>>> print(open('start_21.txt').read())   # compact mmCIF, C-alpha atoms and all ligand atoms
# COMPACT_ATOMS: atom_id res chain seq x y z
CA MET A 1 -1.32 -23.28 83.44
CA LYS A 2 -3.33 -21.57 86.14
CA TYR A 3 -2.20 -18.97 88.65
CA TYR A 4 -3.30 -18.98 92.27
CA SER A 5 -3.37 -16.22 94.87
CA THR A 6 -0.85 -16.26 97.74
CA ASN A 7 -3.78 -15.36 100.03
CA GLY A 8 -5.67 -18.48 98.96
CA ASN A 9 -9.09 -16.83 98.98
CA SER A 10 -9.81 -16.33 95.31
CA PRO A 11 -10.17 -18.77 92.41
CA LYS A 12 -7.26 -19.78 90.19
CA VAL A 13 -7.04 -17.76 86.97
CA SER A 14 -5.50 -17.99 83.51
CA LEU A 15 -2.22 -16.28 82.62
CA GLN A 16 -4.20 -13.67 80.72
CA THR A 17 -6.35 -12.81 83.73
CA ALA A 18 -3.30 -12.72 86.01
CA VAL A 19 -1.57 -10.28 83.67
CA VAL A 20 -4.60 -8.09 83.09
CA LYS A 21 -5.65 -7.98 86.76
CA GLY A 22 -2.17 -7.72 88.31
CA LEU A 23 -3.39 -8.47 91.83
CA ALA A 24 -5.80 -11.23 92.90
CA ALA A 25 -9.27 -10.30 94.18
CA ASP A 26 -8.25 -11.20 97.74
CA ARG A 27 -5.22 -8.84 97.45
CA GLY A 28 -2.83 -11.77 97.18
CA LEU A 29 -0.14 -12.10 94.52
CA PHE A 30 -0.44 -14.58 91.67
CA MET A 31 1.87 -17.59 91.57
CA PRO A 32 2.12 -20.35 88.93
CA GLU A 33 0.32 -23.45 90.22
CA ARG A 34 3.15 -25.70 89.06
CA ILE A 35 6.81 -24.94 88.64
CA PRO A 36 7.86 -26.98 85.61
CA THR A 37 11.45 -28.20 85.45
CA LEU A 38 13.80 -27.94 82.51
CA PRO A 39 15.32 -31.13 81.13
CA LYS A 40 18.87 -31.85 82.37
CA ALA A 41 20.10 -31.83 78.76
CA PHE A 42 19.23 -28.14 78.52
CA PHE A 43 22.06 -27.33 80.91
CA ASN A 44 24.60 -29.46 79.02
CA ASN A 45 24.88 -27.12 76.07
CA ILE A 46 23.54 -23.93 77.61
CA GLY A 47 26.94 -22.26 77.17
CA GLU A 48 26.54 -22.43 73.40
CA MET A 49 23.08 -20.87 73.30
CA SER A 50 22.33 -17.21 72.61
CA LEU A 51 20.50 -15.13 75.22
CA GLN A 52 17.40 -15.14 73.03
CA ASP A 53 17.38 -18.86 72.25
CA MET A 54 18.04 -19.80 75.84
CA SER A 55 15.37 -17.43 77.18
CA TYR A 56 12.85 -18.76 74.72
CA VAL A 57 13.33 -22.31 76.03
CA VAL A 58 12.83 -21.04 79.60
CA ALA A 59 9.80 -18.95 78.61
CA ASN A 60 8.26 -21.82 76.69
CA THR A 61 8.64 -24.12 79.69
CA LEU A 62 6.76 -21.59 81.80
CA PHE A 63 4.26 -20.01 79.40
CA GLY A 64 4.10 -22.64 76.62
CA ASP A 65 0.60 -23.84 77.56
CA ASP A 66 -0.79 -20.34 77.29
CA ILE A 67 0.89 -18.64 74.35
CA GLU A 68 1.39 -20.15 70.93
CA SER A 69 5.09 -20.89 70.40
CA GLY A 70 5.68 -18.64 67.38
CA THR A 71 4.12 -15.69 69.18
CA LEU A 72 6.08 -16.40 72.34
CA LYS A 73 9.31 -16.65 70.40
CA ASN A 74 8.73 -13.25 68.80
CA LEU A 75 7.86 -11.82 72.18
CA VAL A 76 11.09 -13.07 73.75
CA TYR A 77 13.30 -12.10 70.81
CA ASP A 78 11.75 -8.64 70.70
CA THR A 79 12.17 -8.12 74.44
CA LEU A 80 15.81 -9.21 74.57
CA ASN A 81 17.33 -7.31 71.69
CA PHE A 82 20.33 -6.22 73.77
CA ASP A 83 23.12 -8.03 75.58
CA ILE A 84 23.47 -8.94 79.24
CA PRO A 85 27.23 -9.36 79.62
CA LEU A 86 29.00 -11.04 82.51
CA ARG A 87 32.19 -9.24 83.52
CA HIS A 88 34.99 -10.34 85.76
CA VAL A 89 35.51 -7.82 88.56
CA SER A 90 37.86 -9.36 91.13
CA ASP A 91 39.06 -12.80 92.29
CA ASN A 92 36.07 -15.10 91.94
CA ILE A 93 33.45 -12.35 91.60
CA TYR A 94 31.56 -11.48 88.42
CA SER A 95 29.12 -8.72 87.56
CA LEU A 96 26.04 -9.53 85.49
CA GLU A 97 25.35 -6.22 83.80
CA LEU A 98 21.64 -5.80 83.33
CA PHE A 99 21.81 -2.19 82.24
CA HIS A 100 22.24 -2.40 78.49
CA GLY A 101 18.55 -1.99 77.67
CA PRO A 102 16.79 1.19 76.46
CA THR A 103 16.67 2.90 79.89
CA LEU A 104 19.90 1.33 81.16
CA ALA A 105 18.00 -0.41 83.96
CA PHE A 106 17.36 -4.07 84.56
CA LYS A 107 13.62 -3.49 84.66
CA ASP A 108 13.64 -2.98 80.89
CA VAL A 109 13.34 -6.73 80.32
CA GLY A 110 10.29 -7.26 82.54
CA ALA A 111 8.62 -4.08 81.32
CA ARG A 112 9.16 -4.85 77.65
CA PHE A 113 7.98 -8.42 78.07
CA MET A 114 4.86 -7.35 79.92
CA ALA A 115 4.00 -4.62 77.41
CA ARG A 116 4.23 -7.13 74.58
CA ILE A 117 2.24 -9.83 76.34
CA LEU A 118 -0.50 -7.35 77.26
CA GLY A 119 -0.55 -6.08 73.66
CA HIS A 120 -0.84 -9.69 72.49
CA PHE A 121 -3.78 -10.51 74.77
CA ASN A 122 -5.52 -7.27 73.76
CA ARG A 123 -5.22 -8.04 70.05
CA HIS A 124 -6.21 -11.62 70.61
CA ASN A 125 -9.49 -10.59 72.21
CA ASN A 126 -10.26 -7.85 69.75
CA ASN A 127 -10.82 -5.86 72.84
CA ASP A 128 -10.98 -2.14 72.32
CA ALA A 129 -11.35 -1.04 75.94
CA LEU A 130 -8.21 0.83 76.95
CA VAL A 131 -6.08 -0.88 79.59
CA ASN A 132 -4.73 1.55 82.17
CA VAL A 133 -1.42 0.58 83.71
CA LEU A 134 -0.72 2.12 87.11
CA VAL A 135 2.84 2.01 88.31
CA ALA A 136 4.46 3.35 91.46
CA THR A 137 8.15 4.07 91.15
CA SER A 138 11.08 5.10 93.27
CA GLY A 139 12.92 5.79 90.03
CA ASP A 140 13.83 2.94 87.74
CA THR A 141 10.51 1.13 87.43
CA GLY A 142 8.85 4.24 86.07
CA SER A 143 11.39 4.79 83.33
CA ALA A 144 11.54 1.14 82.30
CA VAL A 145 7.76 0.72 82.26
CA ALA A 146 7.10 4.04 80.53
CA ASN A 147 9.63 3.29 77.80
CA GLY A 148 8.58 -0.35 77.51
CA PHE A 149 4.94 0.64 76.96
CA LEU A 150 5.53 3.80 74.93
CA GLY A 151 3.33 3.72 71.85
CA VAL A 152 1.78 0.31 72.63
CA PRO A 153 -1.77 0.61 71.23
CA GLY A 154 -4.68 0.18 73.61
CA VAL A 155 -2.61 0.83 76.73
CA ARG A 156 -2.26 4.00 78.82
CA VAL A 157 0.40 4.25 81.53
CA PHE A 158 0.29 6.37 84.71
CA VAL A 159 3.58 6.64 86.56
CA LEU A 160 3.31 7.74 90.21
CA TYR A 161 6.56 8.95 91.76
CA PRO A 162 7.57 10.73 94.98
CA LYS A 163 8.25 14.41 94.41
CA GLY A 164 11.90 15.37 94.83
CA LYS A 165 13.02 11.81 95.62
CA VAL A 166 14.15 10.52 92.25
CA SER A 167 17.26 11.58 90.35
CA ARG A 168 16.94 14.13 87.54
CA ILE A 169 17.84 11.60 84.87
CA GLN A 170 15.37 9.06 86.17
CA GLU A 171 12.63 11.66 86.29
CA ALA A 172 13.40 12.81 82.75
CA GLN A 173 12.97 9.26 81.49
CA PHE A 174 9.28 9.11 82.29
CA THR A 175 8.16 12.75 82.44
CA THR A 176 9.23 13.72 78.92
CA LEU A 177 7.69 10.97 76.80
CA GLY A 178 4.11 12.16 76.24
CA GLN A 179 1.94 9.97 73.98
CA ASN A 180 0.29 7.26 76.13
CA ILE A 181 2.48 8.00 79.17
CA THR A 182 1.37 10.31 82.03
CA ALA A 183 3.65 11.12 84.97
CA ILE A 184 2.06 11.92 88.34
CA GLU A 185 4.23 13.72 90.88
CA VAL A 186 3.00 12.75 94.35
CA ASP A 187 3.75 14.93 97.36
CA GLY A 188 4.89 11.99 99.53
CA THR A 189 7.14 8.93 99.68
CA PHE A 190 7.46 5.88 97.44
CA ASP A 191 5.43 3.90 99.95
CA ASP A 192 2.63 6.50 99.57
CA CYS A 193 2.73 6.01 95.78
CA GLN A 194 2.59 2.24 96.18
CA ALA A 195 -0.34 2.54 98.62
CA LEU A 196 -2.27 4.76 96.15
CA VAL A 197 -1.81 2.21 93.39
CA LYS A 198 -2.87 -0.66 95.63
CA SER A 199 -5.96 1.23 96.82
CA ALA A 200 -6.94 2.05 93.24
CA PHE A 201 -6.93 -1.65 92.35
CA MET A 202 -9.22 -2.38 95.29
CA ASP A 203 -11.68 0.42 94.56
CA LYS A 204 -14.86 -1.09 93.14
CA GLU A 205 -16.21 2.10 91.59
CA LEU A 206 -12.91 2.86 89.86
CA ASN A 207 -12.65 -0.65 88.46
CA GLU A 208 -16.14 -0.37 87.02
CA HIS A 209 -15.16 2.94 85.46
CA MET A 210 -11.93 1.73 83.84
CA LYS A 211 -9.75 -1.33 83.22
CA LEU A 212 -6.80 -1.08 85.61
CA THR A 213 -3.66 -3.14 85.91
CA SER A 214 -0.24 -2.90 87.51
CA ALA A 215 3.22 -3.01 86.01
CA ASN A 216 5.05 -3.26 89.30
CA SER A 217 6.76 -6.55 90.02
CA ILE A 218 3.50 -7.74 91.55
CA ASN A 219 2.51 -8.50 87.93
CA VAL A 220 3.54 -12.01 86.85
CA ALA A 221 4.47 -10.80 83.37
CA ARG A 222 6.86 -8.27 84.90
CA PHE A 223 8.61 -10.39 87.49
CA LEU A 224 8.84 -13.88 85.97
CA PRO A 225 10.87 -12.96 82.83
CA GLN A 226 13.59 -11.70 85.16
CA MET A 227 14.63 -15.31 85.65
CA PHE A 228 16.20 -15.22 82.17
CA TYR A 229 19.12 -13.26 83.64
CA TYR A 230 20.10 -16.01 86.00
CA PHE A 231 20.05 -18.71 83.38
CA TYR A 232 22.20 -16.47 81.22
CA ALA A 233 24.66 -15.81 84.05
CA TYR A 234 25.00 -19.57 84.46
CA ALA A 235 25.41 -20.01 80.69
CA GLN A 236 28.22 -17.47 80.58
CA LEU A 237 30.04 -19.11 83.47
CA ALA A 238 29.66 -22.45 81.67
CA LYS A 239 31.07 -20.93 78.51
CA ARG A 240 34.12 -19.74 80.43
CA GLY A 241 34.64 -23.22 81.83
CA GLN A 242 34.06 -22.09 85.42
CA ASP A 243 33.20 -24.45 88.26
CA LEU A 244 29.41 -24.57 88.20
CA SER A 245 28.78 -26.41 91.44
CA ASN A 246 29.17 -23.56 93.91
CA ILE A 247 27.52 -20.52 92.38
CA VAL A 248 26.37 -17.81 94.75
CA VAL A 249 24.19 -15.01 93.43
CA SER A 250 23.75 -11.69 95.20
CA VAL A 251 20.76 -9.59 94.17
CA PRO A 252 20.30 -5.91 95.14
CA SER A 253 16.74 -6.09 96.43
CA GLY A 254 13.90 -3.64 97.00
CA ASN A 255 10.51 -5.13 96.28
CA PHE A 256 12.14 -8.58 95.89
CA GLY A 257 10.69 -9.25 92.41
CA ASN A 258 14.07 -9.90 90.83
CA ILE A 259 15.31 -12.29 93.50
CA THR A 260 11.96 -14.12 93.60
CA ALA A 261 12.22 -14.77 89.86
CA ALA A 262 15.71 -16.17 90.49
CA LEU A 263 14.38 -18.43 93.25
CA ILE A 264 11.72 -19.78 90.89
CA GLY A 265 14.46 -20.30 88.28
CA LYS A 266 16.28 -22.45 90.81
CA ARG A 267 13.11 -24.52 91.33
CA MET A 268 13.00 -25.01 87.56
CA GLY A 269 16.38 -26.65 87.82
CA LEU A 270 18.94 -23.84 87.59
CA PRO A 271 21.88 -25.01 89.72
CA ILE A 272 22.58 -22.04 91.95
CA LYS A 273 23.80 -22.98 95.41
CA ARG A 274 22.60 -20.03 97.42
CA PHE A 275 21.39 -16.45 97.20
CA ILE A 276 22.08 -13.23 99.03
CA ALA A 277 19.35 -10.60 99.27
CA ALA A 278 21.45 -7.44 99.39
CA ASN A 279 19.84 -4.44 101.05
CA ASN A 280 20.65 -0.86 101.91
CA ARG A 281 19.54 0.47 105.30
CA ASN A 282 16.02 -0.75 104.57
CA ASP A 283 16.72 -4.03 106.33
CA ILE A 284 13.25 -5.53 106.75
CA PHE A 285 14.23 -8.81 105.11
CA LEU A 286 17.44 -9.17 107.10
CA ASN A 287 15.41 -8.65 110.27
CA TYR A 288 13.05 -11.35 109.15
CA LEU A 289 15.96 -13.76 108.57
CA ASN A 290 17.39 -12.94 111.98
CA THR A 291 14.16 -13.13 113.96
CA GLY A 292 11.60 -15.13 111.96
CA VAL A 293 9.22 -12.20 112.32
CA TYR A 294 8.31 -9.93 109.41
CA THR A 295 7.92 -6.33 110.51
CA PRO A 296 7.38 -3.77 107.73
CA LYS A 297 8.71 -0.29 108.48
CA PRO A 298 8.46 3.08 106.75
CA SER A 299 11.23 3.26 104.14
CA VAL A 300 14.30 5.42 104.71
CA ALA A 301 15.96 7.37 101.89
CA THR A 302 19.38 6.10 100.75
CA ILE A 303 21.75 6.62 97.81
CA ALA A 304 20.58 3.25 96.43
CA ASN A 305 17.08 4.67 96.15
CA ALA A 306 15.50 1.99 93.95
CA MET A 307 15.78 -0.24 97.00
CA ASP A 308 14.19 2.17 99.49
CA VAL A 309 11.30 -0.11 100.28
CA GLY A 310 9.84 -0.66 103.73
CA ASP A 311 7.35 -3.41 102.90
CA PRO A 312 8.66 -5.45 99.94
CA SER A 313 5.64 -6.47 97.90
CA ASN A 314 7.08 -9.81 96.77
CA PHE A 315 7.81 -11.00 100.30
CA ALA A 316 4.46 -12.83 100.14
CA ARG A 317 5.80 -14.79 97.17
CA VAL A 318 9.01 -15.74 98.99
CA LEU A 319 6.96 -17.03 101.94
CA ASP A 320 4.66 -18.92 99.60
CA LEU A 321 7.52 -20.53 97.70
CA TYR A 322 8.97 -21.93 100.93
CA LYS A 323 5.60 -22.82 102.45
CA HIS A 324 6.14 -20.20 105.15
CA SER A 325 9.12 -22.07 106.59
CA HIS A 326 11.63 -19.64 108.06
CA GLU A 327 14.13 -22.47 108.28
CA ALA A 328 13.80 -23.36 104.59
CA ILE A 329 14.18 -19.71 103.60
CA CYS A 330 17.32 -19.29 105.74
CA LYS A 331 18.86 -22.39 104.11
CA GLU A 332 18.83 -20.83 100.65
CA ILE A 333 18.90 -17.10 101.24
CA SER A 334 21.04 -14.93 103.46
CA GLY A 335 20.81 -11.19 103.83
CA CYS A 336 22.90 -8.08 104.44
CA SER A 337 22.34 -4.38 105.00
CA TYR A 338 24.77 -1.54 104.31
CA THR A 339 24.70 2.15 105.13
CA ASP A 340 25.26 4.91 102.56
CA GLU A 341 28.80 5.32 103.92
CA GLN A 342 29.55 1.66 103.33
CA ILE A 343 28.07 1.82 99.83
CA ALA A 344 30.18 4.87 98.98
CA GLU A 345 33.30 3.26 100.41
CA THR A 346 32.68 0.13 98.30
CA ILE A 347 32.25 2.14 95.08
CA ALA A 348 35.43 4.15 95.72
CA LYS A 349 37.57 1.17 96.75
CA THR A 350 36.41 -1.11 93.92
CA TYR A 351 36.97 1.60 91.33
CA LYS A 352 40.46 2.28 92.66
CA GLU A 353 41.48 -1.35 92.91
CA THR A 354 39.81 -2.93 89.88
CA ASN A 355 38.79 0.02 87.70
CA TYR A 356 35.21 -1.33 87.73
CA LEU A 357 32.64 1.39 88.38
CA LEU A 358 29.73 0.15 90.47
CA ASP A 359 26.42 1.95 90.81
CA PRO A 360 25.08 2.28 94.39
CA HIS A 361 22.74 -0.72 93.99
CA GLY A 362 25.30 -3.08 92.50
CA ALA A 363 27.76 -1.92 95.18
CA VAL A 364 25.58 -3.35 97.93
CA ALA A 365 25.54 -6.75 96.24
CA TYR A 366 29.26 -6.66 95.39
CA ARG A 367 30.17 -5.95 98.99
CA SER A 368 28.06 -8.83 100.25
CA LEU A 369 30.11 -11.20 98.06
CA GLU A 370 33.41 -9.66 99.06
CA GLU A 371 32.52 -10.20 102.71
CA GLY A 372 30.63 -13.47 102.49
CA LEU A 373 31.99 -15.63 99.68
CA ASN A 374 33.83 -18.84 100.61
CA PRO A 375 37.03 -19.66 98.66
CA GLU A 376 35.48 -22.55 96.72
CA GLU A 377 32.49 -20.45 95.62
CA THR A 378 31.97 -18.36 92.48
CA GLY A 379 30.03 -15.18 93.09
CA VAL A 380 27.81 -13.34 90.65
CA PHE A 381 26.29 -10.03 91.64
CA ILE A 382 23.57 -8.31 89.70
CA GLU A 383 24.55 -4.84 88.48
CA THR A 384 21.04 -3.41 88.17
CA ALA A 385 21.73 0.09 86.85
CA HIS A 386 24.29 2.06 84.87
CA PRO A 387 26.35 4.25 87.23
CA ALA A 388 25.56 7.34 85.12
CA LYS A 389 21.96 7.08 86.29
CA PHE A 390 23.26 8.23 89.67
CA LYS A 391 25.73 10.64 88.18
CA SER A 392 26.16 13.23 90.91
CA THR A 393 26.27 10.63 93.69
CA VAL A 394 28.85 8.49 91.91
CA GLU A 395 30.95 11.47 90.80
CA ALA A 396 31.11 12.80 94.33
CA ILE A 397 32.29 9.39 95.54
CA ILE A 398 35.05 8.77 92.99
CA GLY A 399 36.01 12.43 92.49
CA GLU A 400 35.88 12.11 88.72
CA GLU A 401 33.38 13.05 86.08
CA ILE A 402 31.53 10.26 84.34
CA ASP A 403 29.97 10.33 80.90
CA ILE A 404 26.27 10.08 80.36
CA PRO A 405 25.52 7.60 77.57
CA ASP A 406 23.83 9.28 74.60
CA ARG A 407 20.66 7.30 75.15
CA LEU A 408 20.25 8.86 78.60
CA ALA A 409 21.35 12.36 77.63
CA ALA A 410 18.61 12.52 75.01
CA PHE A 411 15.94 12.44 77.73
CA LEU A 412 17.41 15.51 79.45
CA ASN A 413 16.80 17.68 76.40
CA SER A 414 13.02 17.27 76.42
CA ASP A 415 10.39 19.15 78.44
CA LYS A 416 9.10 17.74 81.70
CA ARG A 417 5.34 17.27 81.90
CA THR A 418 3.68 16.08 85.10
CA ILE A 419 0.44 16.19 87.01
CA GLU A 420 0.93 17.13 90.67
CA LEU A 421 -1.14 15.41 93.34
CA PRO A 422 -1.08 15.16 97.14
CA ALA A 423 -0.67 11.68 98.68
CA SER A 424 -4.43 11.33 98.96
CA MET A 425 -6.57 8.51 97.61
CA ASP A 426 -9.56 10.84 97.26
CA LYS A 427 -7.64 13.14 94.94
CA PHE A 428 -6.09 10.30 92.96
CA LYS A 429 -9.48 8.69 92.48
CA GLU A 430 -11.03 11.99 91.44
CA PHE A 431 -8.32 12.33 88.80
CA LEU A 432 -8.83 8.82 87.42
CA MET A 433 -12.62 9.15 87.45
CA SER A 434 -12.32 12.30 85.36
CA LEU A 435 -10.63 10.42 82.49
C1 LIG B 501 14.13 -1.98 91.06
C2 LIG B 501 15.56 -1.95 91.34
C3 LIG B 501 16.13 -2.78 92.32
C4 LIG B 501 15.29 -3.70 93.18
O1 LIG B 501 14.65 -4.73 92.47
P1 LIG B 501 13.44 -5.53 93.13
O2 LIG B 501 13.00 -6.48 92.09
O3 LIG B 501 12.38 -4.52 93.45
O4 LIG B 501 13.95 -6.18 94.36
C5 LIG B 501 17.50 -2.73 92.48
N1 LIG B 501 18.27 -1.89 91.76
C6 LIG B 501 17.76 -1.08 90.83
C7 LIG B 501 18.66 -0.15 90.10
C8 LIG B 501 16.39 -1.07 90.59
O5 LIG B 501 15.90 -0.25 89.68
>>> encode(input="start_21.txt", output="structure tokens", more="lines below")
Ligand SMILES: *Cc1c(COP(=O)(O)O)cnc(C)c1O
Amino acid sequence: MKYYSTNGNSPKVSLQTAVVKGLAADRGLFMPERIPTLPKAFFNNIGEMSLQDMSYVVANTLFGDDIESGTLKNLVYDTLNFDIPLRHVSDNIYSLELFHGPTLAFKDVGARFMARILGHFNRHNNNDALVNVLVATSGDTGSAVANGFLGVPGVRVFVLYPKGKVSRIQEAQFTTLGQNITAIEVDGTFDDCQALVKSAFMDKELNEHMKLTSANSINVARFLPQMFYYFYAYAQLAKRGQDLSNIVVSVPSGNFGNITAALIGKRMGLPIKRFIAANNRNDIFLNYLNTGVYTPKPSVATIANAMDVGDPSNFARVLDLYKHSHEAICKEISGCSYTDEQIAETIAKTYKETNYLLDPHGAVAYRSLEEGLNPEETGVFIETAHPAKFKSTVEAIIGEEIDIPDRLAAFLNSDKRTIELPASMDKFKEFLMSL
């Protein structure tokens, strides 16, 4: 299967090229040229399948032309060696907990899948040129990507993050690893980091000097595997004998990679009725839904900081998927935007009433279901991070101490190593050229 650019001004490419390049030559994002559908029978016994078996069927439908089935199976099984449980929270609302991976963030799945696929293509080509992965992070991407790629031969990772704007635990997860992982502390915002990465990909001289790729959700190998979650949510509802005809999924959204994967999953046949793109005060998408006009804005800092994005990079994919029809988009996706106060209130109230502890990102999505779900609907919200990742914020809200899982605590005991840079392309380029 070939991948085309959302900008339509560069040739279609193979999966391998899409993964290695990240972004198309015309700065567009890659999209699969066909969206294959799963056979109806797949959904009949989906409730009996394991996460790994089910994900392999989905992956094979999407990538089967391009990766030999045994290899793909190993790749999927290796990526998904942890559970993604669905928990009942209140009335007809369920939480799909995506935080049981190595960094307790949902990005673990995409990052691990991409690292393995890149490793596979490298080996396949007997290519000994190092691949350099550049990744901008507002917190969770950096830790998931750094840990997903740690020790993968032939790949070096550079994590760019905004100084002073990520939590201590998040920072520790990508600044303490060493080996093939380098953390770059940028004196600026997340949007500055993202702009530096984008400029690096477009710089001719740099690209002649070294092989560069992205591991942000602009990369097809990062964002597409996220659709596994939604099939698994459906499977778990099926297993519980729930009504499957009115499922509403709310996704805490920043760069819109996760929700776009879900939307493509729906095109492949997954019966989800409608989606909610849940946002914090960065309400660019909601404004688009309300007005039909997309107006990026500088991001504002919130307590759900992994969603502090002022120009969601996957918006181009959403537009492309619906052929730029505002009406078609509004039919399937609604939006919401909550302030920090509303997020805090939701965490406190839900904890008190149901004993379920939300993290600030999941809280946004939970609230959108509480406010917007119709009685005949079943709501699933995506809980994208473990609450302990935002320890001080969550503790201040509920007035109780929470435990840090051992896996996270281990990061805090190691030394932080970073390279400090201003938010300047000249300086960033100088650094990369010196390697
Ligand atoms: C990355 C992230 C999001 C946003 O996901 P997108 O795919 O960028 O929309 C939400 N919550 C958490 C905890 C994240 O790390």
>>> residues_near_ligand(input="start_21.txt", ligand="ligand LIG 501 (chain B)", cutoff="9 Å", atoms="all atoms listed in the file", output="PDB file with C-alpha atoms, in the frame of the given file")
ATOM      1  CA  PHE A  99      21.810  -2.190  82.240  1.00  0.00           C
ATOM      2  CA  ALA A 105      18.000  -0.410  83.960  1.00  0.00           C
ATOM      3  CA  PHE A 106      17.360  -4.070  84.560  1.00  0.00           C
ATOM      4  CA  LYS A 107      13.620  -3.490  84.660  1.00  0.00           C
ATOM      5  CA  THR A 137       8.150   4.070  91.150  1.00  0.00           C
ATOM      6  CA  SER A 138      11.080   5.100  93.270  1.00  0.00           C
ATOM      7  CA  GLY A 139      12.920   5.790  90.030  1.00  0.00           C
ATOM      8  CA  ASP A 140      13.830   2.940  87.740  1.00  0.00           C
ATOM      9  CA  THR A 141      10.510   1.130  87.430  1.00  0.00           C
ATOM     10  CA  ALA A 144      11.540   1.140  82.300  1.00  0.00           C
ATOM     11  CA  ASN A 216       5.050  -3.260  89.300  1.00  0.00           C
ATOM     12  CA  SER A 217       6.760  -6.550  90.020  1.00  0.00           C
ATOM     13  CA  PHE A 223       8.610 -10.390  87.490  1.00  0.00           C
ATOM     14  CA  GLN A 226      13.590 -11.700  85.160  1.00  0.00           C
ATOM     15  CA  VAL A 251      20.760  -9.590  94.170  1.00  0.00           C
ATOM     16  CA  PRO A 252      20.300  -5.910  95.140  1.00  0.00           C
ATOM     17  CA  SER A 253      16.740  -6.090  96.430  1.00  0.00           C
ATOM     18  CA  GLY A 254      13.900  -3.640  97.000  1.00  0.00           C
ATOM     19  CA  ASN A 255      10.510  -5.130  96.280  1.00  0.00           C
ATOM     20  CA  PHE A 256      12.140  -8.580  95.890  1.00  0.00           C
ATOM     21  CA  GLY A 257      10.690  -9.250  92.410  1.00  0.00           C
ATOM     22  CA  ASN A 258      14.070  -9.900  90.830  1.00  0.00           C
ATOM     23  CA  ILE A 259      15.310 -12.290  93.500  1.00  0.00           C
ATOM     24  CA  THR A 260      11.960 -14.120  93.600  1.00  0.00           C
ATOM     25  CA  ALA A 261      12.220 -14.770  89.860  1.00  0.00           C
ATOM     26  CA  ALA A 277      19.350 -10.600  99.270  1.00  0.00           C
ATOM     27  CA  ALA A 304      20.580   3.250  96.430  1.00  0.00           C
ATOM     28  CA  ASN A 305      17.080   4.670  96.150  1.00  0.00           C
ATOM     29  CA  ALA A 306      15.500   1.990  93.950  1.00  0.00           C
ATOM     30  CA  MET A 307      15.780  -0.240  97.000  1.00  0.00           C
ATOM     31  CA  ASP A 308      14.190   2.170  99.490  1.00  0.00           C
ATOM     32  CA  VAL A 309      11.300  -0.110 100.280  1.00  0.00           C
ATOM     33  CA  PRO A 312       8.660  -5.450  99.940  1.00  0.00           C
ATOM     34  CA  SER A 313       5.640  -6.470  97.900  1.00  0.00           C
ATOM     35  CA  ASN A 314       7.080  -9.810  96.770  1.00  0.00           C
ATOM     36  CA  ASP A 359      26.420   1.950  90.810  1.00  0.00           C
ATOM     37  CA  PRO A 360      25.080   2.280  94.390  1.00  0.00           C
ATOM     38  CA  HIS A 361      22.740  -0.720  93.990  1.00  0.00           C
ATOM     39  CA  GLY A 362      25.300  -3.080  92.500  1.00  0.00           C
ATOM     40  CA  ILE A 382      23.570  -8.310  89.700  1.00  0.00           C
ATOM     41  CA  GLU A 383      24.550  -4.840  88.480  1.00  0.00           C
ATOM     42  CA  THR A 384      21.040  -3.410  88.170  1.00  0.00           C
ATOM     43  CA  ALA A 385      21.730   0.090  86.850  1.00  0.00           C
ATOM     44  CA  HIS A 386      24.290   2.060  84.870  1.00  0.00           C
ATOM     45  CA  LYS A 389      21.960   7.080  86.290  1.00  0.00           C
TER      46      LYS A 389
END
>>> atom_distance(input="start_21.txt", atom1="CA of Arg34 (chain A)", atom2="CA of Ser334 (chain A)")
25.4 Å
>>> closest_atom_pairs(input="start_21.txt", of="region 143-250 of chain A", to="region 51-56 of chain A", cutoff="8 Å", atoms="only C-alpha atoms", output="Markdown table")
| residue | atom | partner | partner_atom | distance |
| --- | --- | --- | --- | --- |
| A:Phe228 | CA | A:Ser55 | CA | 5.5 |
| A:Phe231 | CA | A:Ser55 | CA | 7.9 |
| A:Tyr232 | CA | A:Leu51 | CA | 6.4 |
>>> write_last_selection(input="start_21.txt", atoms="C-alpha atoms", output="PDB file, in the coordinates of the input")
ATOM      1  CA  PHE A 228      16.200 -15.220  82.170  1.00  0.00           C
ATOM      2  CA  PHE A 231      20.050 -18.710  83.380  1.00  0.00           C
ATOM      3  CA  TYR A 232      22.200 -16.470  81.220  1.00  0.00           C
TER       4      TYR A 232
END
>>> closest_atom_pairs(input="start_21.txt", of="region 301-339 of chain A", to="region 284-290 of chain A", cutoff="9 Å", atoms="all atoms listed in the file", output="JSON lines")
{"residue": "A:Val309", "atom": "CA", "partner": "A:Ile284", "partner_atom": "CA", "distance": 8.7}
{"residue": "A:Gly310", "atom": "CA", "partner": "A:Ile284", "partner_atom": "CA", "distance": 6.7}
{"residue": "A:Asp311", "atom": "CA", "partner": "A:Ile284", "partner_atom": "CA", "distance": 7.4}
{"residue": "A:Pro312", "atom": "CA", "partner": "A:Ile284", "partner_atom": "CA", "distance": 8.2}
{"residue": "A:Phe315", "atom": "CA", "partner": "A:Phe285", "partner_atom": "CA", "distance": 8.3}
{"residue": "A:His326", "atom": "CA", "partner": "A:Leu289", "partner_atom": "CA", "distance": 7.3}
{"residue": "A:Glu327", "atom": "CA", "partner": "A:Leu289", "partner_atom": "CA", "distance": 8.9}
{"residue": "A:Ile329", "atom": "CA", "partner": "A:Leu289", "partner_atom": "CA", "distance": 8.0}
{"residue": "A:Cys330", "atom": "CA", "partner": "A:Leu289", "partner_atom": "CA", "distance": 6.4}
{"residue": "A:Ile333", "atom": "CA", "partner": "A:Leu289", "partner_atom": "CA", "distance": 8.6}
{"residue": "A:Ser334", "atom": "CA", "partner": "A:Leu289", "partner_atom": "CA", "distance": 7.3}
{"residue": "A:Gly335", "atom": "CA", "partner": "A:Leu286", "partner_atom": "CA", "distance": 5.1}
{"residue": "A:Cys336", "atom": "CA", "partner": "A:Leu286", "partner_atom": "CA", "distance": 6.2}
{"residue": "A:Ser337", "atom": "CA", "partner": "A:Leu286", "partner_atom": "CA", "distance": 7.2}
